[in-house]
>>> print(open('target-v7.txt').read())   # compact mmCIF, C-alpha atoms
# COMPACT_ATOMS: atom_id res chain seq x y z
CA MET I 1 13.18 28.92 -5.40
CA VAL I 2 10.89 25.90 -5.74
CA LYS I 3 12.12 22.47 -6.66
CA ILE I 4 9.67 19.70 -7.47
CA GLU I 5 10.58 16.19 -8.51
CA ASP I 6 8.75 12.93 -8.84
CA ASP I 7 8.71 9.63 -10.72
CA ILE I 8 6.35 9.49 -13.67
CA ILE I 9 5.31 6.57 -15.86
CA VAL I 10 5.29 7.76 -19.48
CA LYS I 11 1.97 6.95 -21.14
CA ASN I 12 2.50 8.44 -24.62
CA ILE I 13 1.62 5.49 -26.81
CA HIS I 14 4.92 5.17 -28.69
CA GLY I 15 7.03 6.68 -25.92
CA LEU I 16 8.92 9.95 -26.24
CA HIS I 17 9.85 9.65 -29.91
CA ALA I 18 10.81 12.71 -31.92
CA ARG I 19 7.45 14.51 -32.10
CA PRO I 20 6.38 14.15 -28.47
CA ALA I 21 9.93 15.05 -27.42
CA ALA I 22 9.63 18.26 -29.46
CA ILE I 23 6.27 19.05 -27.85
CA PHE I 24 7.70 18.36 -24.37
CA VAL I 25 10.52 20.83 -25.07
CA GLN I 26 8.00 23.37 -26.35
CA ILE I 27 6.06 23.16 -23.10
CA ALA I 28 9.21 23.16 -20.93
CA SER I 29 10.57 26.20 -22.76
CA LYS I 30 7.54 28.31 -21.82
CA PHE I 31 8.87 28.34 -18.28
CA ASP I 32 11.95 29.88 -16.70
CA ALA I 33 12.40 26.89 -14.42
CA LYS I 34 15.17 24.43 -15.11
CA VAL I 35 13.74 21.13 -16.36
CA LEU I 36 15.61 17.84 -16.06
CA LEU I 37 14.64 14.30 -17.01
CA SER I 38 16.30 11.27 -15.56
CA LYS I 39 16.20 7.61 -16.50
CA ASP I 40 18.46 4.85 -15.17
CA ASN I 41 20.66 7.34 -13.29
CA GLU I 42 21.27 9.42 -16.39
CA ILE I 43 20.09 13.03 -16.14
CA VAL I 44 19.54 15.18 -19.23
CA ASP I 45 18.32 18.69 -20.08
CA GLY I 46 14.54 18.62 -20.53
CA LYS I 47 14.70 21.60 -22.88
CA SER I 48 16.79 19.76 -25.50
CA ILE I 49 15.04 17.46 -27.98
CA ILE I 50 18.16 15.48 -28.77
CA ALA I 51 18.94 14.96 -25.09
CA ILE I 52 15.44 13.61 -24.44
CA LEU I 53 15.59 11.35 -27.50
CA SER I 54 18.91 9.97 -26.34
CA LEU I 55 17.21 8.46 -23.28
CA GLY I 56 15.07 6.21 -25.51
CA ILE I 57 11.92 6.50 -23.39
CA ASN I 58 9.34 3.85 -24.28
CA SER I 59 5.72 3.93 -23.27
CA GLY I 60 5.49 2.52 -19.74
CA THR I 61 9.01 3.66 -18.81
CA LYS I 62 9.49 5.20 -15.38
CA ILE I 63 11.36 8.48 -15.52
CA ARG I 64 12.05 11.19 -12.98
CA LEU I 65 10.95 14.72 -13.75
CA ILE I 66 12.84 17.45 -11.91
CA VAL I 67 11.74 21.07 -12.18
CA ASP I 68 13.55 23.86 -10.40
CA GLY I 69 12.68 27.57 -10.42
CA GLU I 70 10.11 30.22 -9.51
CA ASP I 71 7.46 28.80 -11.86
CA ALA I 72 8.31 25.17 -11.11
CA GLU I 73 4.89 24.24 -9.80
CA LYS I 74 2.98 25.16 -12.95
CA ALA I 75 5.71 23.75 -15.20
CA PHE I 76 5.77 20.44 -13.33
CA TYR I 77 2.01 20.12 -13.53
CA GLU I 78 1.85 20.79 -17.29
CA LEU I 79 4.78 18.49 -18.13
CA LYS I 80 3.48 15.67 -15.96
CA ASN I 81 0.08 16.00 -17.62
CA PHE I 82 1.67 15.76 -21.04
CA LEU I 83 3.75 12.68 -20.17
CA GLU I 84 0.71 10.92 -18.75
CA ARG I 85 -1.49 11.61 -21.76
CA ASN I 86 -1.73 8.68 -24.13
CA ASP I 87 -3.08 10.20 -27.30
CA ASP I 88 0.13 10.18 -29.37
CA MET P 1 22.13 -1.32 -27.35
CA ASP P 2 21.91 -2.66 -30.88
CA ASN P 3 25.12 -2.30 -32.87
CA ILE P 4 24.62 0.43 -35.47
CA LEU P 5 27.22 -1.09 -37.77
CA GLU P 6 24.94 -4.03 -38.44
CA HIS P 7 22.77 -1.56 -40.31
CA PHE P 8 25.42 0.80 -41.60
CA ASP P 9 28.49 0.74 -43.86
CA LYS P 10 30.40 3.19 -46.03
CA ASP P 11 27.76 2.96 -48.76
CA CYS P 12 25.39 4.60 -46.27
CA VAL P 13 27.55 7.73 -46.05
CA ILE P 14 27.14 10.77 -48.31
CA LEU P 15 29.72 13.56 -48.21
CA GLY P 16 29.48 17.01 -49.79
CA LEU P 17 25.69 17.29 -49.67
CA LYS P 18 24.69 20.44 -51.57
CA GLN P 19 20.97 20.21 -52.38
CA LYS P 20 18.91 23.29 -51.67
CA ASN P 21 15.83 22.15 -49.79
CA LYS P 22 14.27 19.37 -47.80
CA LYS P 23 12.60 17.59 -50.71
CA THR P 24 15.63 17.62 -53.02
CA ILE P 25 17.91 16.57 -50.16
CA LEU P 26 15.73 13.61 -49.17
CA SER P 27 15.27 12.64 -52.82
CA PHE P 28 19.05 12.78 -53.37
CA ILE P 29 19.69 10.56 -50.32
CA LEU P 30 17.13 8.00 -51.51
CA ASP P 31 18.68 7.99 -55.02
CA HIS P 32 22.04 7.29 -53.41
CA LEU P 33 20.58 4.36 -51.45
CA ILE P 34 19.02 3.03 -54.67
CA THR P 35 22.38 3.23 -56.49
CA LYS P 36 23.99 1.33 -53.60
CA LYS P 37 21.19 -1.25 -53.79
CA LYS P 38 20.03 -0.54 -50.23
CA ILE P 39 16.46 0.11 -51.37
CA LYS P 40 14.55 -0.71 -54.55
CA LYS P 41 13.82 2.08 -57.02
CA ALA P 42 10.12 1.20 -57.04
CA TYR P 43 9.84 2.21 -53.36
CA LYS P 44 11.37 5.67 -53.65
CA LYS P 45 8.09 7.49 -54.17
CA ILE P 46 6.34 6.01 -51.15
CA ILE P 47 9.36 6.45 -48.85
CA LEU P 48 9.81 10.08 -49.92
CA LYS P 49 6.11 10.72 -49.37
CA LYS P 50 6.25 9.26 -45.84
CA LEU P 51 9.39 11.24 -44.95
CA LEU P 52 7.84 14.49 -46.18
CA GLN P 53 4.57 13.77 -44.37
CA ARG P 54 6.56 13.36 -41.17
CA GLU P 55 8.39 16.65 -41.79
CA GLU P 56 5.05 18.42 -42.23
CA MET P 57 4.08 17.42 -38.68
CA GLY P 58 7.19 19.18 -37.38
CA SER P 59 10.72 19.50 -38.66
CA THR P 60 13.13 16.74 -37.63
CA ALA P 61 15.94 19.31 -37.83
CA ILE P 62 15.85 19.58 -34.05
CA GLY P 63 18.68 22.04 -33.49
CA GLY P 64 22.40 21.59 -32.96
CA TYR P 65 23.06 21.45 -36.74
CA ILE P 66 21.53 18.00 -37.09
CA ALA P 67 18.39 16.51 -38.61
CA LEU P 68 16.90 13.08 -38.01
CA PRO P 69 14.37 12.48 -40.80
CA HIS P 70 12.69 9.13 -40.25
CA ALA P 71 9.84 6.93 -41.39
CA ARG P 72 8.48 3.46 -40.81
CA VAL P 73 7.74 1.71 -44.09
CA ASP P 74 6.92 -1.88 -44.97
CA CYS P 75 9.34 -1.99 -47.93
CA VAL P 76 12.49 -1.79 -45.76
CA LYS P 77 13.87 -4.87 -44.03
CA ASP P 78 14.38 -4.08 -40.30
CA ILE P 79 16.51 -0.88 -40.24
CA LEU P 80 18.38 1.32 -42.69
CA ILE P 81 20.50 4.30 -41.71
CA CYS P 82 22.14 6.89 -43.96
CA ILE P 83 24.36 9.74 -42.80
CA ALA P 84 24.60 12.70 -45.19
CA ILE P 85 27.09 15.45 -44.42
CA SER P 86 27.40 19.02 -45.62
CA GLU P 87 30.40 20.95 -44.40
CA GLU P 88 28.86 24.31 -45.38
CA GLY P 89 25.40 23.44 -44.10
CA VAL P 90 22.10 23.05 -45.96
CA ASP P 91 18.63 24.43 -45.37
CA PHE P 92 16.41 21.80 -43.74
CA ASN P 93 13.90 24.14 -42.14
CA SER P 94 15.42 23.64 -38.69
CA LEU P 95 13.60 24.50 -35.47
CA ASP P 96 16.38 26.89 -34.42
CA GLY P 97 16.78 28.43 -37.90
CA GLU P 98 20.39 27.24 -38.20
CA PRO P 99 21.77 25.37 -41.25
CA ILE P 100 22.16 21.61 -41.01
CA ASN P 101 25.51 19.84 -41.29
CA ILE P 102 24.50 16.28 -40.44
CA ILE P 103 21.41 14.48 -41.69
CA ALA P 104 20.93 11.06 -40.14
CA LEU P 105 18.13 9.33 -42.03
CA LEU P 106 16.44 6.40 -40.35
CA LEU P 107 14.11 4.01 -42.15
CA SER P 108 12.57 1.16 -40.19
CA ASN P 109 10.18 -1.59 -41.04
CA GLU P 110 6.57 -0.83 -40.13
CA LYS P 111 6.61 -3.62 -37.52
CA GLU P 112 9.80 -2.46 -35.78
CA ALA P 113 8.43 0.28 -33.48
CA GLY P 114 10.68 -0.78 -30.58
CA LEU P 115 13.86 -1.03 -32.62
CA HIS P 116 12.97 2.25 -34.36
CA LEU P 117 12.86 4.20 -31.07
CA LYS P 118 16.01 2.43 -29.88
CA MET P 119 17.89 3.45 -33.03
CA LEU P 120 16.56 7.00 -32.83
CA ALA P 121 17.83 7.11 -29.24
CA PHE P 122 21.16 5.71 -30.33
CA LEU P 123 21.55 8.33 -33.10
CA ALA P 124 20.62 11.03 -30.57
CA ARG P 125 23.28 9.73 -28.15
CA LEU P 126 25.87 9.94 -30.90
CA LEU P 127 24.85 13.35 -32.17
CA ARG P 128 24.18 15.17 -28.89
CA ASP P 129 27.98 15.41 -28.56
CA LYS P 130 28.94 18.69 -30.23
CA TYR P 131 32.60 17.73 -30.60
CA PHE P 132 31.61 14.52 -32.35
CA VAL P 133 29.30 16.43 -34.72
CA GLN P 134 32.21 18.74 -35.52
CA GLN P 135 34.45 15.75 -36.29
CA LEU P 136 31.80 14.19 -38.53
CA LYS P 137 31.32 17.48 -40.33
CA ASN P 138 35.02 17.68 -41.17
CA SER P 139 35.31 14.07 -42.39
CA LYS P 140 36.97 13.68 -45.76
CA THR P 141 36.13 10.06 -46.64
CA GLN P 142 33.26 7.65 -46.12
CA GLU P 143 35.58 5.23 -44.30
CA GLU P 144 36.52 8.00 -41.88
CA VAL P 145 32.84 8.49 -41.01
CA VAL P 146 32.31 4.76 -40.41
CA ASN P 147 35.42 4.59 -38.21
CA LEU P 148 34.43 7.69 -36.23
CA ILE P 149 30.97 6.30 -35.53
CA ASN P 150 32.38 2.92 -34.58
CA LYS P 151 34.84 4.49 -32.15
CA HIS P 152 32.28 6.85 -30.65
CA GLN P 153 29.61 4.19 -30.16
CA GLN P 154 32.01 2.24 -27.98
CA LEU P 155 32.48 5.32 -25.79
CA ILE P 156 28.77 5.90 -25.20
CA ARG P 157 27.76 2.34 -24.40
>>> encode(input="target-v7.txt", output="structure tokens")
Amino acid sequence: MVKIEDDIIVKNIHGLHARPAAIFVQIASKFDAKVLLSKDNEIVDGKSIIAILSLGINSGTKIRLIVDGEDAEKAFYELKNFLERNDD
Amino acid sequence: MDNILEHFDKDCVILGLKQKNKKTILSFILDHLITKKKIKKAYKKIILKKLLQREEMGSTAIGGYIALPHARVDCVKDILICIAISEEGVDFNSLDGEPINIIALLLSNEKEAGLHLKMLAFLARLLRDKYFVQQLKNSKTQEEVVNLINKHQQLIR
């Protein structure tokens, strides 16, 4: 099993509001790996839109992305890319 | 965290929601808010249009029997929240295909992007708790809903 985790600064322009959260979950759900997001010591399921929304992640917020599973490497890369894009 | 009850009272609660689809449900909620003098009748059309435009980009019925329709409009002062409940469940075109029991509508002023996300996060914190959603769903009076939310928001602070 592969586990990758790192801090990421969210660049999505309005933060992870409902639509980007839904897209994040869509990407995360393509993979078998477990995906977790953590902010201020609170860890939530990265495959649940409501859990992600509940963190209230603004643009510029530092969060920790934790991906654990066989396909963790690819999943981590795609999710990190999405969080660091600033087009929405 | 902002106190939700500053933006919410029993007039913002609808029980026994029965409408058949997204448009009629949202229209019904807005009519209720007009009757309770929370929004002006003249603004209904534009608010409904914005809410439906948002739904077209992707349903806000995000699973777990809840929906969070929302829009930022310049005709609302800061924040307005309305909780509409259907014990049997209504069709809101949810992402997981399940019926919706709780619709938490959020309207924010155009300028309140920060507060908007904070309130969305707050509603998500309330409604990610399945037991709480069940309690809301079984509420019999508007006062009961206000009390439940007040009690629960103290727990999740």
>>> closest_atom_pairs(input="target-v7.txt", of="chain P", to="chain I", cutoff="10 Å", atoms="all atoms listed in the file", output="CSV")
residue,atom,partner,partner_atom,distance
P:Arg54,CA,I:Arg19,CA,9.2
P:Glu55,CA,I:Arg19,CA,10.0
P:Met57,CA,I:Arg19,CA,7.9
P:Gly58,CA,I:Arg19,CA,7.1
P:Ser59,CA,I:Arg19,CA,8.9
P:Thr60,CA,I:Ala18,CA,7.4
P:Ile62,CA,I:Ile49,CA,6.5
P:Gly63,CA,I:Ile49,CA,8.0
P:Gly64,CA,I:Ile50,CA,8.5
P:Ile66,CA,I:Ile50,CA,9.3
P:Ala67,CA,I:Ile50,CA,9.9
P:Leu68,CA,I:Ala18,CA,8.6
P:Pro69,CA,I:Ala18,CA,9.6
P:His70,CA,I:Ala18,CA,9.3
P:Leu95,CA,I:Ala22,CA,9.5
P:Ala113,CA,I:His14,CA,7.7
P:Gly114,CA,I:Asn58,CA,7.9
P:His116,CA,I:His17,CA,9.2
P:Leu117,CA,I:Gly56,CA,6.3
P:Lys118,CA,I:Gly56,CA,5.9
P:Met119,CA,I:Gly56,CA,8.5
P:Leu120,CA,I:Leu53,CA,6.9
P:Ala121,CA,I:Ser54,CA,4.2
P:Phe122,CA,I:Ser54,CA,6.3
P:Leu123,CA,I:Ser54,CA,7.4
P:Ala124,CA,I:Ser54,CA,4.7
P:Arg125,CA,I:Ser54,CA,4.7
P:Leu126,CA,I:Ser54,CA,8.3
P:Leu127,CA,I:Ile50,CA,7.8
P:Arg128,CA,I:Ile50,CA,6.0
P:Asp129,CA,I:Ala51,CA,9.7
>>> residues_around(input="target-v7.txt", residues="Asp78 of chain P", least_positions_apart="5", cutoff="9 Å", atoms="all atoms listed in the file", output="number ranges by chain")
P: 7, 107-112, 115-116
>>> write_last_selection(input="target-v7.txt", atoms="C-alpha atoms", output="mmCIF file, in the frame of the given file")
data_model
loop_
_atom_site.group_PDB
_atom_site.id
_atom_site.type_symbol
_atom_site.label_atom_id
_atom_site.label_comp_id
_atom_site.auth_asym_id
_atom_site.auth_seq_id
_atom_site.Cartn_x
_atom_site.Cartn_y
_atom_site.Cartn_z
ATOM 1 C CA HIS P 7 22.770 -1.560 -40.310
ATOM 2 C CA LEU P 107 14.110 4.010 -42.150
ATOM 3 C CA SER P 108 12.570 1.160 -40.190
ATOM 4 C CA ASN P 109 10.180 -1.590 -41.040
ATOM 5 C CA GLU P 110 6.570 -0.830 -40.130
ATOM 6 C CA LYS P 111 6.610 -3.620 -37.520
ATOM 7 C CA GLU P 112 9.800 -2.460 -35.780
ATOM 8 C CA LEU P 115 13.860 -1.030 -32.620
ATOM 9 C CA HIS P 116 12.970 2.250 -34.360
#
>>> residues_near_point(input="target-v7.txt", point="(14.9, 22.4, -21.1)", cutoff="12 Å", atoms="only C-alpha atoms", output="PDB file with C-alpha atoms, keeping the file's coordinate frame")
ATOM      1  CA  ALA I  21       9.930  15.050 -27.420  1.00  0.00           C
ATOM      2  CA  ALA I  22       9.630  18.260 -29.460  1.00  0.00           C
ATOM      3  CA  ILE I  23       6.270  19.050 -27.850  1.00  0.00           C
ATOM      4  CA  PHE I  24       7.700  18.360 -24.370  1.00  0.00           C
ATOM      5  CA  VAL I  25      10.520  20.830 -25.070  1.00  0.00           C
ATOM      6  CA  GLN I  26       8.000  23.370 -26.350  1.00  0.00           C
ATOM      7  CA  ILE I  27       6.060  23.160 -23.100  1.00  0.00           C
ATOM      8  CA  ALA I  28       9.210  23.160 -20.930  1.00  0.00           C
ATOM      9  CA  SER I  29      10.570  26.200 -22.760  1.00  0.00           C
ATOM     10  CA  LYS I  30       7.540  28.310 -21.820  1.00  0.00           C
ATOM     11  CA  PHE I  31       8.870  28.340 -18.280  1.00  0.00           C
ATOM     12  CA  ASP I  32      11.950  29.880 -16.700  1.00  0.00           C
ATOM     13  CA  ALA I  33      12.400  26.890 -14.420  1.00  0.00           C
ATOM     14  CA  LYS I  34      15.170  24.430 -15.110  1.00  0.00           C
ATOM     15  CA  VAL I  35      13.740  21.130 -16.360  1.00  0.00           C
ATOM     16  CA  LEU I  36      15.610  17.840 -16.060  1.00  0.00           C
ATOM     17  CA  LEU I  37      14.640  14.300 -17.010  1.00  0.00           C
ATOM     18  CA  ILE I  43      20.090  13.030 -16.140  1.00  0.00           C
ATOM     19  CA  VAL I  44      19.540  15.180 -19.230  1.00  0.00           C
ATOM     20  CA  ASP I  45      18.320  18.690 -20.080  1.00  0.00           C
ATOM     21  CA  GLY I  46      14.540  18.620 -20.530  1.00  0.00           C
ATOM     22  CA  LYS I  47      14.700  21.600 -22.880  1.00  0.00           C
ATOM     23  CA  SER I  48      16.790  19.760 -25.500  1.00  0.00           C
ATOM     24  CA  ILE I  49      15.040  17.460 -27.980  1.00  0.00           C
ATOM     25  CA  ILE I  50      18.160  15.480 -28.770  1.00  0.00           C
ATOM     26  CA  ALA I  51      18.940  14.960 -25.090  1.00  0.00           C
ATOM     27  CA  ILE I  52      15.440  13.610 -24.440  1.00  0.00           C
ATOM     28  CA  LEU I  65      10.950  14.720 -13.750  1.00  0.00           C
ATOM     29  CA  ILE I  66      12.840  17.450 -11.910  1.00  0.00           C
ATOM     30  CA  VAL I  67      11.740  21.070 -12.180  1.00  0.00           C
ATOM     31  CA  ASP I  68      13.550  23.860 -10.400  1.00  0.00           C
ATOM     32  CA  ALA I  75       5.710  23.750 -15.200  1.00  0.00           C
ATOM     33  CA  LEU I  79       4.780  18.490 -18.130  1.00  0.00           C
TER      34      LEU I  79
END
>>> residues_around(input="target-v7.txt", residues="Cys12 of chain P", least_positions_apart="4", cutoff="12 Å", atoms="only C-alpha atoms", output="number ranges by chain")
P: 4-8, 29-39, 80-85, 103-106, 142-143, 145-146
>>> atom_distance(input="target-v7.txt", atom1="atom CA of Ala61 of chain P", atom2="atom CA of Thr141 of chain P")
23.9 Å
>>> atom_distance(input="target-v7.txt", atom1="atom CA of Ile4 of chain I", atom2="atom CA of Pro20 of chain I")
22.0 Å
>>> residues_around(input="target-v7.txt", residues="Asn101 of chain P", least_positions_apart="5", cutoff="9 Å", atoms="all atoms listed in the file", output="PDB file with C-alpha atoms, keeping the file's coordinate frame")
ATOM      1  CA  LEU P  17      25.690  17.290 -49.670  1.00  0.00           C
ATOM      2  CA  TYR P  65      23.060  21.450 -36.740  1.00  0.00           C
ATOM      3  CA  ILE P  66      21.530  18.000 -37.090  1.00  0.00           C
ATOM      4  CA  ALA P  67      18.390  16.510 -38.610  1.00  0.00           C
ATOM      5  CA  ALA P  84      24.600  12.700 -45.190  1.00  0.00           C
ATOM      6  CA  ILE P  85      27.090  15.450 -44.420  1.00  0.00           C
ATOM      7  CA  SER P  86      27.400  19.020 -45.620  1.00  0.00           C
ATOM      8  CA  GLU P  87      30.400  20.950 -44.400  1.00  0.00           C
ATOM      9  CA  GLU P  88      28.860  24.310 -45.380  1.00  0.00           C
ATOM     10  CA  GLY P  89      25.400  23.440 -44.100  1.00  0.00           C
ATOM     11  CA  VAL P  90      22.100  23.050 -45.960  1.00  0.00           C
ATOM     12  CA  VAL P 133      29.300  16.430 -34.720  1.00  0.00           C
ATOM     13  CA  GLN P 134      32.210  18.740 -35.520  1.00  0.00           C
ATOM     14  CA  LEU P 136      31.800  14.190 -38.530  1.00  0.00           C
ATOM     15  CA  LYS P 137      31.320  17.480 -40.330  1.00  0.00           C
TER      16      LYS P 137
END
>>> atom_distance(input="target-v7.txt", atom1="atom CA of Ile13 of chain I", atom2="atom CA of Lys50 of chain P")
19.9 Å
>>> residues_around(input="target-v7.txt", residues="Lys39 of chain I", least_positions_apart="2", cutoff="6 Å", atoms="all atoms listed in the file", output="MDAnalysis selection string")
chainID I and resid 41:42 63
>>> axis_aligned_box(input="target-v7.txt", around="segment 93-106 of chain P", padding_each_side="3 Å", output="AutoDock Vina command-line options")
--center_x 19.6 --center_y 17.4 --center_z -38.3 --size_x 17.9 --size_y 28.0 --size_z 13.7
>>> residues_near_point(input="target-v7.txt", point="(10.2, 30.9, -8.2)", cutoff="10 Å", atoms="all atoms listed in the file", output="MDAnalysis selection string")
chainID I and resid 1:3 32:33 68:73
>>> closest_residue(input="target-v7.txt", among="P:Lys44, P:Ile79, P:Ile100, P:Asn3", to="Gln154 of chain P", atoms="all atoms listed in the file")
P:Asn3
>>> closest_residue(input="target-v7.txt", among="P:His152, P:Lys130, P:Lys22, P:Lys40", to="Cys75 of chain P", atoms="all atoms listed in the file")
P:Lys40
